[in-house]
Amino acid sequence: MSHPRNVAVIVGSLRKDSASRKIAKEIAARAPTNLRFDFVEIGALPFYDQDLETATPPVEWTAFREKIAAADAVLFVTPEYNRSIPGAVKNAIDVGSRPYGQAPLSGKPAAVVSTSAGALGGFGANHHLRQTLVFLDMPTLMQPEAYIGNSLALFDENGQLVNEQTGQFLGKFAAAFADLIDRHAANAARKAA
Ligand code: FNR
């Protein structure tokens, strides 16, 4: 029986009808039952400003950092904006990367899903995000890679997924992520013993 694992979900699109958010929900619905998903909202985070990094930083930063700190892993599901990640995601990462030496994101296992209304599936965003996760020492799921193209056509007007092949892929992706999280926890326990 696997241990319960808490996964913080960061969705890169702020709009209400976001396909990325629907894809994130689909992953959560199809994931192994030991994974618990907490959607951590990033739209109201003030821009990162080092001058605000005092004993009393913005309350939104503190709440975000506490949610990330409480998670065992982080799932990013983000659209591609101009061949990179949306500014909101980069800002959330910057906020989660400080205070220096106590970054709540640091070292947590991660998985990246990029999405696009077009055919390319957000490859540019996916790999720009991975570059950032390297710096934060976040062991990131390698396979399967998830570039979800034609994202707007995947859901009907009720928000239901209409492409079961994609659904099955998202389930496999979630299972692989669960496995990565377990392996990371086992390694950490071995090192601590
Ligand atoms: C886009 N879109 C987009 N698509 C893409 O494949 N590559 C890109 O570089 C961009 N760039 C881009 C920039 C900006 C500012 C916007 C608003 C959009 C289109 C994008 O894939 C589409 O809007 C998706 O629907 C966004 O995902 P959500 O909001 O549905 O999750």
# chains A, B, ... in the order shown; residues from 1 in each chain; ligands from 1
$ residues_near_ligand --ligand "ligand 1" --cutoff "10 Å" --atoms "only C-alpha atoms and all ligand atoms" --output "PyMOL selection string"
chain A and resi 11-24+77-87+114-125+148-153
$ closest_atom_pairs --of "range 73-123 of chain A" --to "range 25-33 of chain A" --cutoff "12 Å" --atoms "only C-alpha atoms" --output "tab-separated table"
residue	atom	partner	partner_atom	distance
A:Leu75	CA	A:Ile27	CA	9.8
A:Phe76	CA	A:Ile27	CA	11.2
A:Val77	CA	A:Ile27	CA	9.8
A:Ala111	CA	A:Ile27	CA	11.4
A:Val112	CA	A:Ile27	CA	11.8
A:Val113	CA	A:Ile27	CA	10.0
$ write_last_selection --atoms "all heavy atoms" --output "CSV table (one decimal), in the first residue's frame"
chain,number,residue,atom,x,y,z
A,75,LEU,N,3.1,19.6,-9.4
A,75,LEU,CA,2.8,19.4,-10.8
A,75,LEU,C,2.5,20.7,-11.4
A,75,LEU,O,1.7,21.5,-10.9
A,75,LEU,CB,1.5,18.5,-10.8
A,75,LEU,CG,0.8,18.4,-12.2
A,75,LEU,CD1,1.7,17.6,-13.2
A,75,LEU,CD2,-0.6,17.6,-12.0
A,76,PHE,N,3.2,20.9,-12.5
A,76,PHE,CA,3.0,22.2,-13.3
A,76,PHE,C,2.2,21.8,-14.6
A,76,PHE,O,2.6,20.9,-15.3
A,76,PHE,CB,4.3,22.8,-13.8
A,76,PHE,CG,5.1,23.3,-12.6
A,76,PHE,CD1,6.1,22.5,-12.0
A,76,PHE,CD2,5.0,24.6,-12.2
A,76,PHE,CE1,6.8,23.0,-11.0
A,76,PHE,CE2,5.8,25.1,-11.2
A,76,PHE,CZ,6.7,24.3,-10.6
A,77,VAL,N,1.1,22.5,-14.8
A,77,VAL,CA,0.3,22.3,-16.0
A,77,VAL,C,0.2,23.7,-16.6
A,77,VAL,O,-0.5,24.5,-16.1
A,77,VAL,CB,-1.0,21.6,-15.8
A,77,VAL,CG1,-1.7,21.4,-17.2
A,77,VAL,CG2,-0.9,20.3,-15.1
A,111,ALA,N,6.6,17.5,-12.0
A,111,ALA,CA,6.3,17.0,-13.3
A,111,ALA,C,5.7,18.2,-14.1
A,111,ALA,O,5.1,19.1,-13.5
A,111,ALA,CB,5.2,15.9,-13.2
A,112,VAL,N,6.0,18.2,-15.4
A,112,VAL,CA,5.6,19.3,-16.3
A,112,VAL,C,4.7,18.8,-17.4
A,112,VAL,O,5.0,17.8,-18.1
A,112,VAL,CB,6.9,19.9,-16.9
A,112,VAL,CG1,6.5,21.0,-17.9
A,112,VAL,CG2,7.8,20.4,-15.8
A,113,VAL,N,3.6,19.5,-17.5
A,113,VAL,CA,2.7,19.2,-18.6
A,113,VAL,C,2.5,20.6,-19.3
A,113,VAL,O,2.1,21.6,-18.7
A,113,VAL,CB,1.3,18.8,-18.2
A,113,VAL,CG1,0.3,18.6,-19.4
A,113,VAL,CG2,1.4,17.5,-17.4
$ select_by_dssp --residues "range 66-103 of chain A" --states "alpha helix (DSSP H)" --output "list of chain:residue names"
A:Glu66, A:Lys67, A:Ile68, A:Ala69, A:Gly87, A:Ala88, A:Val89, A:Lys90, A:Asn91, A:Ala92, A:Ile93, A:Asp94, A:Val95, A:Gly96
$ atom_distance --atom1 "CA of Met138 in chain A" --atom2 "CA of Thr56 in chain A"
26.8 Å
$ closest_residue --among "A:Gln168, A:Thr132, A:Asn126, A:Asn163" --to "Asn91 in chain A" --atoms "only C-alpha atoms"
A:Thr132
$ residues_around --residues "Phe64 in chain A" --least-positions-apart "4" --cutoff "8 Å" --atoms "only C-alpha atoms" --output "PyMOL selection string"
chain A and resi 40-42+60+68+96
$ write_last_selection --atoms "N, CA, C and O atoms" --output "PDB file, in the first residue's frame"
ATOM      1  N   VAL A  40      -2.930  25.112  -6.121  1.00  0.00           N
ATOM      2  CA  VAL A  40      -2.407  26.303  -5.443  1.00  0.00           C
ATOM      3  C   VAL A  40      -2.484  27.462  -6.431  1.00  0.00           C
ATOM      4  O   VAL A  40      -1.819  27.457  -7.471  1.00  0.00           O
ATOM      5  N   GLU A  41      -3.310  28.446  -6.086  1.00  0.00           N
ATOM      6  CA  GLU A  41      -3.580  29.538  -7.041  1.00  0.00           C
ATOM      7  C   GLU A  41      -2.438  30.554  -7.042  1.00  0.00           C
ATOM      8  O   GLU A  41      -1.887  30.896  -5.991  1.00  0.00           O
ATOM      9  N   ILE A  42      -2.123  31.050  -8.233  1.00  0.00           N
ATOM     10  CA  ILE A  42      -0.958  31.944  -8.376  1.00  0.00           C
ATOM     11  C   ILE A  42      -1.331  33.333  -8.905  1.00  0.00           C
ATOM     12  O   ILE A  42      -0.481  34.208  -8.983  1.00  0.00           O
ATOM     13  N   GLU A  60       0.257  37.057   0.631  1.00  0.00           N
ATOM     14  CA  GLU A  60       0.013  36.097  -0.455  1.00  0.00           C
ATOM     15  C   GLU A  60       1.240  35.219  -0.683  1.00  0.00           C
ATOM     16  O   GLU A  60       1.110  34.034  -0.978  1.00  0.00           O
ATOM     17  N   ILE A  68       3.203  25.262  -0.662  1.00  0.00           N
ATOM     18  CA  ILE A  68       4.249  24.490  -1.367  1.00  0.00           C
ATOM     19  C   ILE A  68       5.065  23.683  -0.361  1.00  0.00           C
ATOM     20  O   ILE A  68       5.369  22.507  -0.588  1.00  0.00           O
ATOM     21  N   GLY A  96       8.392  31.120  -4.872  1.00  0.00           N
ATOM     22  CA  GLY A  96       8.631  29.847  -4.193  1.00  0.00           C
ATOM     23  C   GLY A  96      10.103  29.480  -4.070  1.00  0.00           C
ATOM     24  O   GLY A  96      10.445  28.465  -3.462  1.00  0.00           O
TER      25      GLY A  96
END
$ residues_around --residues "Ala178 in chain A" --least-positions-apart "3" --cutoff "12 Å" --atoms "only C-alpha atoms" --output "PyMOL selection string"
chain A and resi 2-7+27-28+30-37+72-75+109-111+140-141+171-175+181-185
